[in-house]
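Enquirer: Have a look at this one before I ask anything.
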Amino acid sequence: MKNISKSNILNYLQSKIYLFNIPIYIAINAKYFKTKPTKTIVEIKKKFQNNLLAIRSSASDEDDCNNSLAGEYASILNIPSNN
């Protein structure tokens with residue numbers, strides 16, 4: 001299971017887990033954001049309509065079978081989606 005992103009895992013789990021709710025999320029690739037920042041921001045505003053967001057960074061090497069880098073990347077909470 002190398003190089004499987006957290007968003008891929010969340011997508012998979014949404015169809016398999018019924019005992020708890022996975023919050024609505026959007027995964028944005030840094031390269032995509034750099035080439036289309038305005039489009040990305042419009043997508044975020046549309047999807048989350050004035051809700052507070054948690055912005056998390058991650059990397060493909062953050063977690064795998066042999067390694068955990070939990071807490072090594074930034075999380076920023078309570079960001080207005082219209083900001």
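Labeling convention for the structure tokens: chains A, B, ... as they appear, residues from 1 per chain, ligands from 1 in order of appearance.
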Residues at most 8 Å from region 33-49 of chain A, counting only C-alpha atoms, excluding those fewer than 5 positions away in the same chain, as a VMD selection string?
Expert: chain A and resid 26 28 81 to 82
Enquirer: Would you output that residue set with C-alpha atoms, as a compact mmCIF listing (two decimals), in the first residue's frame?
Expert:
```txt
# COMPACT_ATOMS: atom_id res chain seq x y z
CA ILE A 26 -11.91 18.08 -0.92
CA ILE A 28 -6.32 19.50 -3.70
CA SER A 81 -14.65 28.96 3.36
CA ASN A 82 -15.44 32.38 1.89
```
Enquirer: Among chain A, which ones does DSSP place in strand (DSSP E), written as a ChimeraX atom specification?
Expert: /A:52-56,63-64,67-68,75-80
Enquirer: Export N, CA and C atoms of the chosen residues as a PDB file, in the first residue's frame?
Expert:
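Output contents, as saved in out07.pdb:
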```
ATOM      1  N   LEU A  52     -16.910  26.704   8.313  1.00  0.00           N
ATOM      2  CA  LEU A  52     -15.523  26.767   8.767  1.00  0.00           C
ATOM      3  C   LEU A  52     -14.802  25.498   8.313  1.00  0.00           C
ATOM      4  N   LEU A  53     -13.565  25.661   7.893  1.00  0.00           N
ATOM      5  CA  LEU A  53     -12.802  24.549   7.348  1.00  0.00           C
ATOM      6  C   LEU A  53     -11.575  24.236   8.190  1.00  0.00           C
ATOM      7  N   ALA A  54     -11.118  23.017   8.061  1.00  0.00           N
ATOM      8  CA  ALA A  54      -9.810  22.612   8.570  1.00  0.00           C
ATOM      9  C   ALA A  54      -8.950  22.386   7.335  1.00  0.00           C
ATOM     10  N   ILE A  55      -7.856  23.095   7.254  1.00  0.00           N
ATOM     11  CA  ILE A  55      -6.937  22.974   6.132  1.00  0.00           C
ATOM     12  C   ILE A  55      -5.765  22.123   6.602  1.00  0.00           C
ATOM     13  N   ARG A  56      -5.527  21.024   5.905  1.00  0.00           N
ATOM     14  CA  ARG A  56      -4.457  20.104   6.303  1.00  0.00           C
ATOM     15  C   ARG A  56      -3.498  19.910   5.155  1.00  0.00           C
ATOM     16  N   ASP A  63       2.230   8.609   5.840  1.00  0.00           N
ATOM     17  CA  ASP A  63       1.922   7.346   6.518  1.00  0.00           C
ATOM     18  C   ASP A  63       2.060   6.200   5.530  1.00  0.00           C
ATOM     19  N   ASP A  64       2.721   5.167   5.948  1.00  0.00           N
ATOM     20  CA  ASP A  64       2.734   3.941   5.178  1.00  0.00           C
ATOM     21  C   ASP A  64       2.910   2.773   6.149  1.00  0.00           C
ATOM     22  N   ASN A  67       6.016   3.453   8.477  1.00  0.00           N
ATOM     23  CA  ASN A  67       6.368   4.798   8.885  1.00  0.00           C
ATOM     24  C   ASN A  67       5.120   5.606   9.250  1.00  0.00           C
ATOM     25  N   SER A  68       5.217   6.412  10.282  1.00  0.00           N
ATOM     26  CA  SER A  68       4.150   7.344  10.606  1.00  0.00           C
ATOM     27  C   SER A  68       4.761   8.707  10.890  1.00  0.00           C
ATOM     28  N   SER A  75      -1.858  21.694  10.223  1.00  0.00           N
ATOM     29  CA  SER A  75      -3.319  21.725  10.192  1.00  0.00           C
ATOM     30  C   SER A  75      -3.743  23.091  10.704  1.00  0.00           C
ATOM     31  N   ILE A  76      -4.594  23.762   9.958  1.00  0.00           N
ATOM     32  CA  ILE A  76      -5.084  25.077  10.356  1.00  0.00           C
ATOM     33  C   ILE A  76      -6.599  24.971  10.455  1.00  0.00           C
ATOM     34  N   LEU A  77      -7.146  25.307  11.615  1.00  0.00           N
ATOM     35  CA  LEU A  77      -8.571  25.118  11.884  1.00  0.00           C
ATOM     36  C   LEU A  77      -9.349  26.422  11.790  1.00  0.00           C
ATOM     37  N   ASN A  78     -10.649  26.282  11.603  1.00  0.00           N
ATOM     38  CA  ASN A  78     -11.617  27.385  11.636  1.00  0.00           C
ATOM     39  C   ASN A  78     -11.346  28.462  10.598  1.00  0.00           C
ATOM     40  N   ILE A  79     -11.044  28.047   9.377  1.00  0.00           N
ATOM     41  CA  ILE A  79     -10.850  28.973   8.268  1.00  0.00           C
ATOM     42  C   ILE A  79     -12.181  29.138   7.550  1.00  0.00           C
ATOM     43  N   PRO A  80     -12.715  30.375   7.468  1.00  0.00           N
ATOM     44  CA  PRO A  80     -13.980  30.571   6.750  1.00  0.00           C
ATOM     45  C   PRO A  80     -13.821  30.180   5.280  1.00  0.00           C
TER      46      PRO A  80
END
```
Enquirer: Within region 7-76 of chain A, find each residue whose DSSP state, derived from the backbone, is helix (DSSP H, G or I), and express the selection as a ChimeraX atom specification.
Expert: /A:7-14,30-35,37-48
Enquirer: Excluding Tyr73 (chain A) and any residue of its chain fewer than 4 positions from it, enumerate the residues within 8 Å of it, using only C-alpha atoms, and give them as an mmCIF file with all heavy atoms, in the first residue's frame.
Expert:
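Okay, this is what ended up in selection.cif:
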```
data_model
loop_
_atom_site.group_PDB
_atom_site.id
_atom_site.type_symbol
_atom_site.label_atom_id
_atom_site.label_comp_id
_atom_site.auth_asym_id
_atom_site.auth_seq_id
_atom_site.Cartn_x
_atom_site.Cartn_y
_atom_site.Cartn_z
ATOM 1 N N ARG A 56 -5.527 21.024 5.905
ATOM 2 C CA ARG A 56 -4.457 20.104 6.303
ATOM 3 C C ARG A 56 -3.498 19.910 5.155
ATOM 4 O O ARG A 56 -3.911 19.742 4.029
ATOM 5 C CB ARG A 56 -5.049 18.738 6.659
ATOM 6 C CG ARG A 56 -5.966 18.803 7.846
ATOM 7 C CD ARG A 56 -6.053 17.489 8.542
ATOM 8 N NE ARG A 56 -4.706 16.993 8.779
ATOM 9 C CZ ARG A 56 -4.385 15.708 8.774
ATOM 10 N NH1 ARG A 56 -5.283 14.808 8.540
ATOM 11 N NH2 ARG A 56 -3.157 15.323 8.995
ATOM 12 N N SER A 57 -2.236 19.935 5.474
ATOM 13 C CA SER A 57 -1.249 19.569 4.463
ATOM 14 C C SER A 57 -0.898 18.103 4.686
ATOM 15 O O SER A 57 -1.082 17.560 5.774
ATOM 16 C CB SER A 57 -0.004 20.439 4.589
ATOM 17 O OG SER A 57 0.606 20.250 5.849
ATOM 18 N N SER A 58 -0.424 17.474 3.663
ATOM 19 C CA SER A 58 0.040 16.092 3.798
ATOM 20 C C SER A 58 1.006 15.803 2.667
ATOM 21 O O SER A 58 1.197 16.607 1.770
ATOM 22 C CB SER A 58 -1.126 15.111 3.798
ATOM 23 O OG SER A 58 -1.731 15.064 2.530
ATOM 24 N N LEU A 69 4.312 9.689 10.167
ATOM 25 C CA LEU A 69 4.769 11.058 10.383
ATOM 26 C C LEU A 69 3.621 11.915 10.903
ATOM 27 O O LEU A 69 3.544 13.104 10.613
ATOM 28 C CB LEU A 69 5.338 11.636 9.075
ATOM 29 C CG LEU A 69 6.594 10.951 8.544
ATOM 30 C CD1 LEU A 69 6.977 11.515 7.189
ATOM 31 C CD2 LEU A 69 7.742 11.093 9.510
#
```
Enquirer: Could you check which of A:Cys65, A:Ala74, A:Tyr12, A:Ser7 is closest to Tyr25 (chain A), using only C-alpha atoms?
Expert: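 Of A:Cys65, A:Ala74, A:Tyr12, A:Ser7, the one nearest Tyr25 (chain A) is A:Ser7, counting only C-alpha atoms.
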